[in-house]
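See below for start-v8.txt, which holds compact mmCIF, C-alpha atoms.
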```
# COMPACT_ATOMS: atom_id res chain seq x y z
CA MET A 286 -11.57 -7.82 -21.54
CA ILE A 287 -8.33 -8.12 -23.48
CA ARG A 288 -8.50 -4.37 -24.16
CA VAL A 289 -5.84 -3.69 -21.55
CA PHE A 290 -3.14 -5.23 -23.74
CA ASP A 291 -4.15 -2.98 -26.66
CA GLN A 292 -2.96 0.10 -24.81
CA GLY A 293 0.23 1.53 -26.27
CA ILE A 294 2.23 1.52 -23.09
CA GLU A 295 1.62 -2.12 -22.18
CA GLY A 296 3.25 -3.95 -25.06
CA ALA A 297 2.27 -7.52 -25.79
CA GLY A 298 0.23 -9.39 -23.21
CA LEU A 299 2.06 -12.33 -21.70
CA PHE A 300 -0.36 -13.89 -19.23
CA MET A 301 -2.75 -13.17 -16.39
CA ILE A 302 -3.62 -14.77 -13.08
CA GLU A 303 -7.35 -15.16 -12.50
CA PHE A 304 -7.74 -14.45 -8.83
CA GLY A 305 -11.34 -13.54 -8.12
CA ASP A 306 -12.07 -9.95 -9.12
CA ILE A 307 -8.40 -9.08 -8.88
CA VAL A 308 -6.76 -10.25 -12.06
CA PRO A 309 -3.02 -9.48 -12.00
CA TYR A 310 -1.62 -9.22 -15.49
CA PHE A 311 1.81 -9.52 -17.00
CA SER A 312 2.31 -7.40 -20.07
CA VAL A 313 5.78 -6.61 -21.38
CA TYR A 314 5.72 -3.45 -19.25
CA THR A 315 4.58 -4.96 -15.94
CA ALA A 316 6.68 -8.10 -16.43
CA THR A 317 9.78 -5.91 -16.81
CA LEU A 318 8.96 -4.10 -13.57
CA PHE A 319 8.27 -7.47 -11.90
CA THR A 320 11.66 -8.83 -12.98
CA PHE A 321 13.40 -5.73 -11.62
CA ALA A 322 11.59 -6.08 -8.32
CA ILE A 323 12.52 -9.78 -8.05
CA ILE A 324 16.21 -9.09 -8.76
CA PHE A 325 16.42 -6.36 -6.13
CA THR A 326 14.45 -8.35 -3.56
CA LEU A 327 16.93 -11.20 -3.98
CA LEU A 328 19.81 -8.74 -3.65
CA ALA A 329 18.32 -7.45 -0.40
CA THR A 330 17.76 -11.00 0.84
CA PHE A 331 21.31 -12.22 0.30
CA SER A 332 23.37 -9.10 0.96
CA ILE A 333 25.03 -8.20 4.22
CA PRO A 334 25.45 -4.57 5.28
CA GLU A 335 28.72 -2.79 4.80
CA LYS A 336 30.79 -2.08 7.88
CA GLN A 337 31.67 1.55 7.91
CA MET A 338 34.96 2.87 9.16
CA ASP A 339 35.12 6.09 11.14
CA ILE A 340 38.51 7.71 10.98
CA ILE A 341 39.41 9.70 14.05
CA PHE A 342 40.58 13.04 12.82
CA GLY A 343 44.09 14.09 13.64
CA GLY A 344 45.11 10.69 14.91
CA ASP A 345 46.18 7.42 13.39
CA ALA A 346 43.15 5.51 14.67
CA TYR A 347 39.87 4.36 13.18
CA TYR A 348 37.01 2.25 14.43
CA ALA A 349 34.47 0.06 12.65
CA LYS A 350 30.79 0.62 13.32
CA GLU A 351 29.04 -2.46 14.62
CA ILE A 352 25.63 -3.51 13.40
CA LYS A 353 23.76 -5.58 15.92
CA PRO A 354 22.35 -8.89 14.61
CA GLN A 355 18.80 -8.04 15.67
CA ASP A 356 18.96 -4.77 13.74
CA LEU A 357 20.25 -6.67 10.72
CA ARG A 358 17.49 -9.27 10.97
CA PHE A 359 14.82 -6.63 11.27
CA GLN A 360 16.12 -4.58 8.35
CA ARG A 361 16.29 -7.68 6.19
CA PHE A 362 12.74 -8.66 7.14
CA VAL A 363 11.38 -5.21 6.32
CA ALA A 364 13.38 -5.05 3.08
CA ILE A 365 11.94 -8.40 1.96
CA ALA A 366 8.44 -7.28 2.93
CA CYS A 367 8.99 -4.12 0.92
CA GLY A 368 10.14 -6.19 -2.07
CA THR A 369 7.08 -8.42 -1.80
CA ALA A 370 4.78 -5.41 -1.66
CA THR A 371 6.52 -4.01 -4.74
CA LEU A 372 6.05 -7.32 -6.57
CA GLY A 373 2.33 -7.13 -5.84
CA ALA A 374 2.00 -3.46 -6.71
CA VAL A 375 3.56 -3.75 -10.16
CA VAL A 376 1.38 -6.58 -11.47
CA THR A 377 -1.99 -6.17 -9.74
CA GLY A 378 -4.95 -5.55 -12.00
CA ASP A 379 -7.12 -3.72 -9.50
CA ILE A 380 -6.94 -0.09 -8.39
CA PHE A 381 -7.85 -0.66 -4.73
CA ASN A 382 -5.40 -3.55 -4.50
CA PHE A 383 -2.73 -1.28 -5.95
CA THR A 384 -3.39 1.41 -3.32
CA LEU A 385 -3.15 -1.20 -0.57
CA PHE A 386 0.22 -2.38 -1.86
CA ALA A 387 1.35 1.26 -2.13
CA ALA A 388 0.39 1.85 1.51
CA MET A 389 2.32 -1.28 2.48
CA ILE A 390 5.39 -0.02 0.60
CA GLY A 391 5.10 3.24 2.55
CA ILE A 392 4.99 1.47 5.91
CA THR A 393 7.90 -0.87 5.10
CA ASN A 394 9.93 2.13 3.91
CA ILE A 395 9.36 3.76 7.29
CA GLY A 396 10.56 0.52 8.89
CA ILE A 397 13.75 0.36 6.82
CA VAL A 398 14.67 3.93 7.64
CA ALA A 399 13.59 3.69 11.30
CA SER A 400 15.88 0.75 12.05
CA SER A 401 18.83 3.10 11.98
CA ARG A 402 20.01 4.31 15.38
CA SER A 403 21.21 7.72 14.30
CA HIS A 404 19.18 10.60 15.68
CA HIS A 405 18.75 12.66 12.53
CA VAL A 406 17.88 9.56 10.50
CA LEU A 407 15.09 8.72 12.94
CA ASN A 408 13.93 12.31 12.70
CA ALA A 409 13.72 11.98 8.92
CA ALA A 410 11.86 8.66 9.30
CA TYR A 411 9.32 10.37 11.54
CA GLN A 412 8.78 13.17 9.04
CA TYR A 413 8.42 10.67 6.21
CA GLY A 414 5.92 8.71 8.30
CA ILE A 415 3.76 11.82 8.60
CA VAL A 416 3.85 12.32 4.82
CA ALA A 417 2.99 8.64 4.22
CA MET A 418 0.01 8.95 6.56
CA ILE A 419 -1.24 12.12 4.83
CA ALA A 420 -0.77 10.37 1.48
CA CYS A 421 -3.34 7.71 2.42
CA VAL A 422 -6.11 10.31 2.05
CA PRO A 423 -5.57 11.14 -1.65
CA LEU A 424 -4.50 7.55 -2.42
CA PHE A 425 -7.63 5.83 -1.13
CA GLY A 426 -9.75 8.86 -2.04
CA GLY A 427 -8.72 8.43 -5.66
CA ALA A 428 -9.62 4.73 -5.62
CA ALA A 429 -12.96 5.45 -3.94
CA MET A 430 -13.76 8.11 -6.50
CA ILE A 431 -13.03 5.72 -9.36
CA LEU A 432 -15.36 3.13 -7.80
CA ALA A 433 -18.10 5.71 -7.28
CA THR A 434 -17.98 7.21 -10.76
CA THR A 435 -17.38 4.09 -12.86
CA GLY A 436 -18.78 1.31 -10.67
CA THR A 437 -15.69 -0.85 -11.02
CA LEU A 438 -12.13 -1.00 -9.73
CA SER A 439 -10.74 -3.45 -12.24
CA ILE A 440 -8.12 -2.06 -14.60
CA TRP A 441 -9.33 -4.64 -17.13
CA SER A 442 -12.76 -3.02 -17.29
CA LEU A 443 -11.48 0.55 -17.09
CA ALA A 444 -8.77 0.16 -19.75
CA GLY A 445 -9.12 2.44 -22.72
CA ILE A 446 -12.65 3.76 -22.02
CA GLY A 447 -11.40 6.91 -20.27
CA ALA A 448 -14.27 6.84 -17.75
CA ALA A 449 -12.14 7.58 -14.69
CA PRO A 450 -12.36 11.29 -13.77
CA ILE A 451 -9.18 13.33 -14.09
CA LEU A 452 -9.47 14.33 -10.42
CA ALA A 453 -9.26 10.69 -9.33
CA LYS A 454 -6.13 10.24 -11.45
CA ILE A 455 -4.51 13.33 -9.91
CA LEU A 456 -5.39 12.11 -6.40
CA LEU A 457 -3.92 8.69 -7.17
CA LEU A 458 -0.71 10.26 -8.45
CA LEU A 459 -0.55 12.57 -5.42
CA GLY A 460 -0.98 9.62 -3.07
CA VAL A 461 1.80 7.66 -4.74
CA MET A 462 3.97 10.80 -4.59
CA GLY A 463 3.54 10.84 -0.83
CA GLU A 464 4.15 7.13 -0.35
CA GLY A 465 7.12 7.20 -2.71
CA MET A 466 8.73 10.30 -1.22
CA ALA A 467 11.19 8.27 0.87
CA PRO A 468 14.20 8.64 -1.50
CA PHE A 469 13.85 12.40 -1.13
CA TYR A 470 14.27 12.07 2.63
CA ILE A 471 17.13 9.67 2.12
CA GLY A 472 18.89 12.23 -0.04
CA LYS A 473 18.16 15.04 2.41
CA ALA A 474 19.15 13.19 5.58
CA GLU A 475 22.13 11.48 3.89
CA ILE A 476 20.92 8.04 4.82
CA THR A 477 22.46 6.47 1.72
CA ARG A 478 25.69 5.99 3.64
CA ALA A 479 24.00 5.02 6.87
CA GLN A 480 24.30 1.57 8.36
CA GLY A 481 22.50 -1.15 6.51
CA ALA A 482 23.02 0.50 3.14
CA PRO A 483 21.98 -2.46 0.92
CA PHE A 484 18.54 -2.41 2.49
CA ILE A 485 18.20 1.32 1.86
CA LEU A 486 18.46 0.38 -1.83
CA MET A 487 15.05 -1.28 -1.51
CA VAL A 488 13.49 2.09 -0.64
CA HIS A 489 14.72 3.60 -3.92
CA VAL A 490 13.74 0.62 -6.05
CA SER A 491 10.26 0.29 -4.57
CA SER A 492 9.41 3.96 -4.96
CA LEU A 493 10.82 4.06 -8.51
CA LEU A 494 8.76 1.02 -9.54
CA LEU A 495 5.68 2.44 -7.79
CA PHE A 496 5.95 5.64 -9.83
CA LEU A 497 6.44 3.72 -13.08
CA ARG A 498 3.38 1.62 -12.29
CA VAL A 499 1.10 4.51 -11.37
CA VAL A 500 2.03 6.29 -14.61
CA GLU A 501 1.04 3.14 -16.48
CA ILE A 502 -2.28 2.90 -14.60
CA ILE A 503 -3.10 6.57 -15.23
CA LEU A 504 -2.35 6.22 -18.94
CA VAL A 505 -4.39 3.01 -19.26
CA ILE A 506 -7.57 3.86 -17.35
CA MET B 260 12.65 34.19 -4.84
CA ILE B 261 14.30 31.00 -6.07
CA ARG B 262 16.79 31.22 -3.25
CA ARG B 263 13.98 31.51 -0.70
CA LEU B 264 12.15 28.53 -2.25
CA SER B 265 15.25 26.36 -2.27
CA HIS B 266 15.90 27.39 1.32
CA ILE B 267 12.43 26.09 2.30
CA LEU B 268 12.93 22.89 0.28
CA SER B 269 16.32 22.21 1.85
CA ASP B 270 14.76 21.54 5.26
CA PHE B 271 13.15 18.11 5.33
CA ASP B 272 10.98 19.10 8.29
CA LYS B 273 9.06 21.33 5.90
CA LEU B 274 8.42 18.61 3.28
CA SER B 275 5.32 17.32 5.05
CA GLN B 276 3.87 20.84 5.15
CA ILE B 277 4.61 21.37 1.46
CA TYR B 278 3.00 18.04 0.65
CA ALA B 279 -0.05 18.86 2.78
CA VAL B 280 -0.45 22.22 1.00
CA LEU B 281 -0.29 20.37 -2.34
CA VAL B 282 -3.02 17.95 -1.18
CA ILE B 283 -5.20 20.84 0.05
CA ILE B 284 -4.84 22.68 -3.27
CA VAL B 285 -5.85 19.57 -5.25
CA ILE B 286 -8.77 18.79 -2.94
CA ILE B 287 -10.09 22.37 -3.03
CA GLY B 288 -9.76 22.36 -6.81
CA GLY B 289 -11.34 18.92 -6.86
CA ILE B 290 -14.38 19.93 -4.81
CA LEU B 291 -15.26 22.39 -7.59
CA THR B 292 -15.31 19.58 -10.18
CA ILE B 293 -17.43 17.22 -8.07
CA PRO B 294 -20.80 18.43 -9.48
CA SER B 295 -19.62 17.29 -12.93
CA LEU B 296 -19.02 13.73 -11.67
CA GLU B 297 -21.76 11.17 -12.02
CA TYR B 298 -22.50 8.61 -9.31
CA GLN B 299 -22.83 5.04 -10.56
CA ALA B 300 -25.64 3.55 -8.48
CA ASP B 301 -25.60 0.09 -10.08
CA ARG B 302 -22.07 -0.51 -8.88
CA LEU B 303 -20.41 -3.71 -7.71
CA TYR B 304 -20.36 -4.64 -4.02
CA PRO B 305 -23.77 -3.20 -3.09
CA LYS B 306 -24.66 -3.04 0.56
CA THR B 307 -28.14 -2.99 2.04
CA ILE B 308 -28.63 -1.84 5.61
CA HIS B 309 -31.17 -3.60 7.85
CA PRO B 310 -31.15 -1.60 11.11
CA GLU B 311 -33.20 -4.23 12.95
CA SER B 312 -30.76 -7.08 12.22
CA PRO B 313 -28.25 -7.93 15.02
CA LEU B 314 -25.56 -8.21 12.33
CA ASP B 315 -26.08 -4.71 11.01
CA PRO B 316 -24.06 -3.25 9.18
CA TYR B 317 -22.41 -6.57 8.48
CA ASP B 318 -25.48 -8.47 7.32
CA ARG B 319 -25.13 -9.70 3.76
CA GLY B 320 -28.16 -11.98 3.88
CA GLY B 321 -28.40 -15.54 2.69
CA THR B 322 -28.29 -18.88 4.52
CA PRO B 323 -25.01 -20.62 5.40
CA PHE B 324 -23.62 -23.06 2.82
CA GLU B 325 -26.35 -22.17 0.35
CA LYS B 326 -25.77 -20.10 -2.72
CA THR B 327 -26.53 -16.40 -2.23
CA GLU B 328 -26.69 -13.86 -4.99
CA VAL B 329 -23.47 -11.83 -4.84
CA LEU B 330 -22.35 -9.49 -7.58
CA ALA B 331 -18.85 -9.97 -8.94
CA GLU B 332 -16.84 -8.41 -11.71
CA TYR B 333 -15.69 -11.76 -13.07
CA PRO B 334 -18.00 -14.49 -11.70
CA GLU B 335 -16.21 -17.11 -13.82
CA ASN B 336 -13.13 -16.64 -11.60
CA SER B 337 -14.99 -17.40 -8.37
CA PRO B 338 -16.82 -20.73 -8.69
CA TYR B 339 -17.78 -20.74 -5.00
CA LEU B 340 -19.16 -17.23 -5.11
CA GLY B 341 -21.92 -16.64 -2.54
CA TYR B 342 -21.44 -19.83 -0.53
CA VAL B 343 -19.62 -18.34 2.46
CA THR B 344 -21.54 -15.10 2.69
CA ALA B 345 -23.76 -15.94 5.67
CA TYR B 346 -21.45 -18.15 7.72
CA LEU B 347 -21.10 -17.45 11.46
CA THR B 348 -19.28 -19.59 14.01
CA PRO B 349 -21.58 -21.17 16.62
CA PHE B 350 -20.26 -18.73 19.22
CA SER B 351 -20.99 -15.63 17.16
CA LEU B 352 -24.36 -17.11 16.21
CA ALA B 353 -25.18 -17.42 19.93
CA LEU B 354 -23.99 -13.84 20.48
CA ALA B 355 -26.12 -12.64 17.59
CA THR B 356 -29.25 -14.10 19.19
CA LEU B 357 -28.37 -12.58 22.59
CA THR B 358 -27.39 -9.04 21.73
CA HIS B 359 -28.11 -6.47 19.09
CA HIS B 360 -24.56 -5.27 18.54
CA VAL B 361 -22.59 -8.17 17.03
CA GLY B 362 -22.31 -6.51 13.63
CA THR B 363 -20.91 -3.32 15.13
CA THR B 364 -18.40 -5.35 17.15
CA ILE B 365 -17.22 -7.26 14.09
CA VAL B 366 -16.74 -4.10 12.07
CA ALA B 367 -15.08 -2.15 14.91
CA HIS B 368 -12.30 -4.55 15.88
CA PRO B 369 -9.23 -5.13 13.70
CA GLY B 370 -10.39 -8.56 12.63
CA GLY B 371 -13.32 -6.81 11.00
CA ILE B 372 -10.98 -6.40 8.08
CA ILE B 373 -11.37 -10.15 7.58
CA ASP B 374 -14.97 -9.22 6.83
CA GLU B 375 -13.74 -8.49 3.35
CA ILE B 376 -12.98 -12.15 2.72
CA LEU B 377 -16.69 -12.82 2.77
CA TYR B 378 -16.83 -11.10 -0.55
CA ASN B 379 -14.73 -14.07 -1.66
CA THR B 380 -13.91 -12.27 -4.88
CA ARG B 381 -11.46 -9.84 -3.30
CA GLY B 382 -9.38 -12.29 -1.32
CA LEU B 383 -6.03 -10.70 -2.21
CA ASP B 384 -7.17 -7.42 -0.60
CA THR B 385 -7.70 -9.26 2.68
CA VAL B 386 -4.23 -10.76 2.50
CA VAL B 387 -2.61 -7.41 1.83
CA GLU B 388 -4.58 -5.60 4.54
CA THR B 389 -3.54 -8.07 7.21
CA SER B 390 0.05 -7.97 5.93
CA ILE B 391 0.03 -4.18 6.33
CA LEU B 392 -1.18 -4.59 9.91
CA PHE B 393 1.43 -7.27 10.57
CA VAL B 394 4.31 -5.19 9.20
CA ALA B 395 3.11 -2.09 11.07
CA PHE B 396 2.97 -4.04 14.35
CA GLY B 397 6.40 -5.49 13.57
CA VAL B 398 7.94 -2.04 13.05
CA ALA B 399 6.23 -0.60 16.13
CA SER B 400 7.25 -3.48 18.41
CA PHE B 401 10.83 -3.38 17.13
CA LEU B 402 11.12 0.31 17.92
CA PHE B 403 9.43 -0.14 21.29
CA LEU B 404 11.60 -3.09 22.42
CA ARG B 405 14.77 -1.38 21.24
CA ARG B 406 13.99 1.52 23.53
CA ASP B 407 13.82 -1.01 26.39
CA GLU B 408 17.16 -2.69 25.94
CA GLU B 409 19.25 0.49 25.82
```

Is it possible to give me this structure as structure tokens?
Amino acid sequence: MIRVFDQGIEGAGLFMIEFGDIVPYFSVYTATLFTFAIIFTLLATFSIPEKQMDIIFGGDAYYAKEIKPQDLRFQRFVAIACGTATLGAVVTGDIFNFTLFAAMIGITNIGIVASSRSHHVLNAAYQYGIVAMIACVPLFGGAAMILATTGTLSIWSLAGIGAAPILAKILLLLGVMGEGMAPFYIGKAEITRAQGAPFILMVHVSSLLLFLRVVEIILVI
Amino acid sequence: MIRRLSHILSDFDKLSQIYAVLVIIVIIGGILTIPSLEYQADRLYPKTIHPESPLDPYDRGGTPFEKTEVLAEYPENSPYLGYVTAYLTPFSLALATLTHHVGTTIVAHPGGIIDEILYNTRGLDTVVETSILFVAFGVASFLFLRRDEE
């Protein structure tokens, strides 16, 4: 059962939490991701959004954009939820549990982007929502295929035996690609400078950590 | 060619279509490899269907508060494995004796997700599933109420 810590990518095993069939583990690799996620969740919790200035062209005037308190509260709530989902996704020791956390990251990312009031940002959020919904098919399909072909979902049991079919791995990667596509939309729709910028950071961090984790899972199983 | 591709990629409305095409390609390629995959019949979480039971397809057998045989990956982590498998509240027990469709009702309504907790071994899944629902409802109600106040 300790085989998972023998995999090259993991590094030394630190400890594990015995939680029924789902046994989250902290190796050097996952603990690093976990620390990153904690730091950025705390940043999102305690930061306040920047107030942007719009300069009126040709004149000597400018005005500051207001962010309503209820928008701020909502964005902070979704950003913290996103951070929590990321914390779970990077340490969980179970494939189905990982896909659930990935789906939750997708939904919270939609929430962070959708709390903006700008029209084109909402349009981008809608498009990203469609991608995240499509991504559920390969994501959960990959997990289901692993359960059907190996009889287990635990990364502990799957580690190092190479029993998981390559198709399931590709589907898993494809699903995470869809759920973690939010930064692409943020780049395209120029949301980085939208209102509530510190919470947008959470979108980038969560999708980056999700990709790092899925690469680890694919290499280990 | 590259210019045409980058023109398509520059429009974020097209990203979902590109992603869907990618998924279709992988799934079509994947269907070809399915005959080479082997189905593991002795898997965890087996499910037997008793069509005559009022709790079908929810029936996991066993008597309440007695130990039932339940398969688990790591039984040493779940000392109370199999003790909550057959529990019904008095109300649902009464319903189960009256009608034939209690199991379908449990599975079909959102709380049916709680069904998973009866496995006992996969408790974290239940927590995450309900959190997903909660966050999704939160986002939807926020967007809906914001439309109202404007």

Pick from A:Tyr347, A:Phe362, A:Phe342, A:Phe381: nearest to Ile397 (chain A), with all atoms listed in the file counted? A:Phe362

Need to verify the contact set: Ile419 (chain A), 10 Å, all atoms listed in the file, exclusion of same-chain residues closer than 3 positions in sequence. Can you return it as an MDAnalysis selection string? (chainID A and resid 413:416 422:424 460 463:464) or (chainID B and resid 275 278:279 282)

Pick out the closest residue to Lys473 (chain A) from this set: B:Asp315, B:Asp272, B:Asp384, B:Glu325. Count all atoms listed in the file.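 With all atoms listed in the file as the atom set, the closest residue is B:Asp272.
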
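Close to (-14.0, 18.4, -10.0), meaning no more than 12 Å away when counting only C-alpha atoms, sit the residues Met430, Thr434, Ala449, Pro450, Ile451, Leu452, Ala453, Lys454, Ile455 and Leu456 of chain A; Val285, Ile286, Ile287, Gly288, Gly289, Ile290, Leu291, Thr292, Ile293, Pro294, Ser295, Leu296 and Glu297 of chain B.
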
Would you mind listing, as a CSV table (one decimal) with C-alpha atoms, in the coordinates of the input, all residues of chain A that have at least one atom within 7 Å of chain B, where all atoms listed in the file are what counts?
```
chain,number,residue,atom,x,y,z
A,303,GLU,CA,-7.4,-15.2,-12.5
A,304,PHE,CA,-7.7,-14.4,-8.8
A,305,GLY,CA,-11.3,-13.5,-8.1
A,306,ASP,CA,-12.1,-10.0,-9.1
A,307,ILE,CA,-8.4,-9.1,-8.9
A,382,ASN,CA,-5.4,-3.6,-4.5
A,385,LEU,CA,-3.2,-1.2,-0.6
A,386,PHE,CA,0.2,-2.4,-1.9
A,389,MET,CA,2.3,-1.3,2.5
A,392,ILE,CA,5.0,1.5,5.9
A,393,THR,CA,7.9,-0.9,5.1
A,396,GLY,CA,10.6,0.5,8.9
A,412,GLN,CA,8.8,13.2,9.0
A,415,ILE,CA,3.8,11.8,8.6
A,416,VAL,CA,3.8,12.3,4.8
A,433,ALA,CA,-18.1,5.7,-7.3
A,434,THR,CA,-18.0,7.2,-10.8
A,435,THR,CA,-17.4,4.1,-12.9
A,436,GLY,CA,-18.8,1.3,-10.7
A,437,THR,CA,-15.7,-0.8,-11.0
A,452,LEU,CA,-9.5,14.3,-10.4
A,470,TYR,CA,14.3,12.1,2.6
A,473,LYS,CA,18.2,15.0,2.4
```

Find the residues near Phe319 (chain A): any atom within 10 Å, counting only C-alpha atoms, skip ones fewer than 5 places away on the same chain, and give them as a PyMOL selection string. chain A and resi 311+313-314+324+371-376+494

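Across A:Ala329, A:Ala366, A:Ile294, A:Val505, the tightest approach to Ile446 (chain A) is made by A:Val505 when counting all atoms listed in the file.
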
Please report the interatomic distance between CA of Thr384 (chain A) and CA of Phe425 (chain A) in Å with one decimal. 6.5 Å

Near Ile506 (chain A), counting all atoms listed in the file, which residues have an atom at most 10 Å away, once you skip same-chain residues fewer than 5 positions from it, shown as JSON, numbers by chain? {"A": [289, 292, 380, 431, 439, 440, 441, 442, 443, 444, 445, 446, 447, 448, 449, 450, 454, 501]}
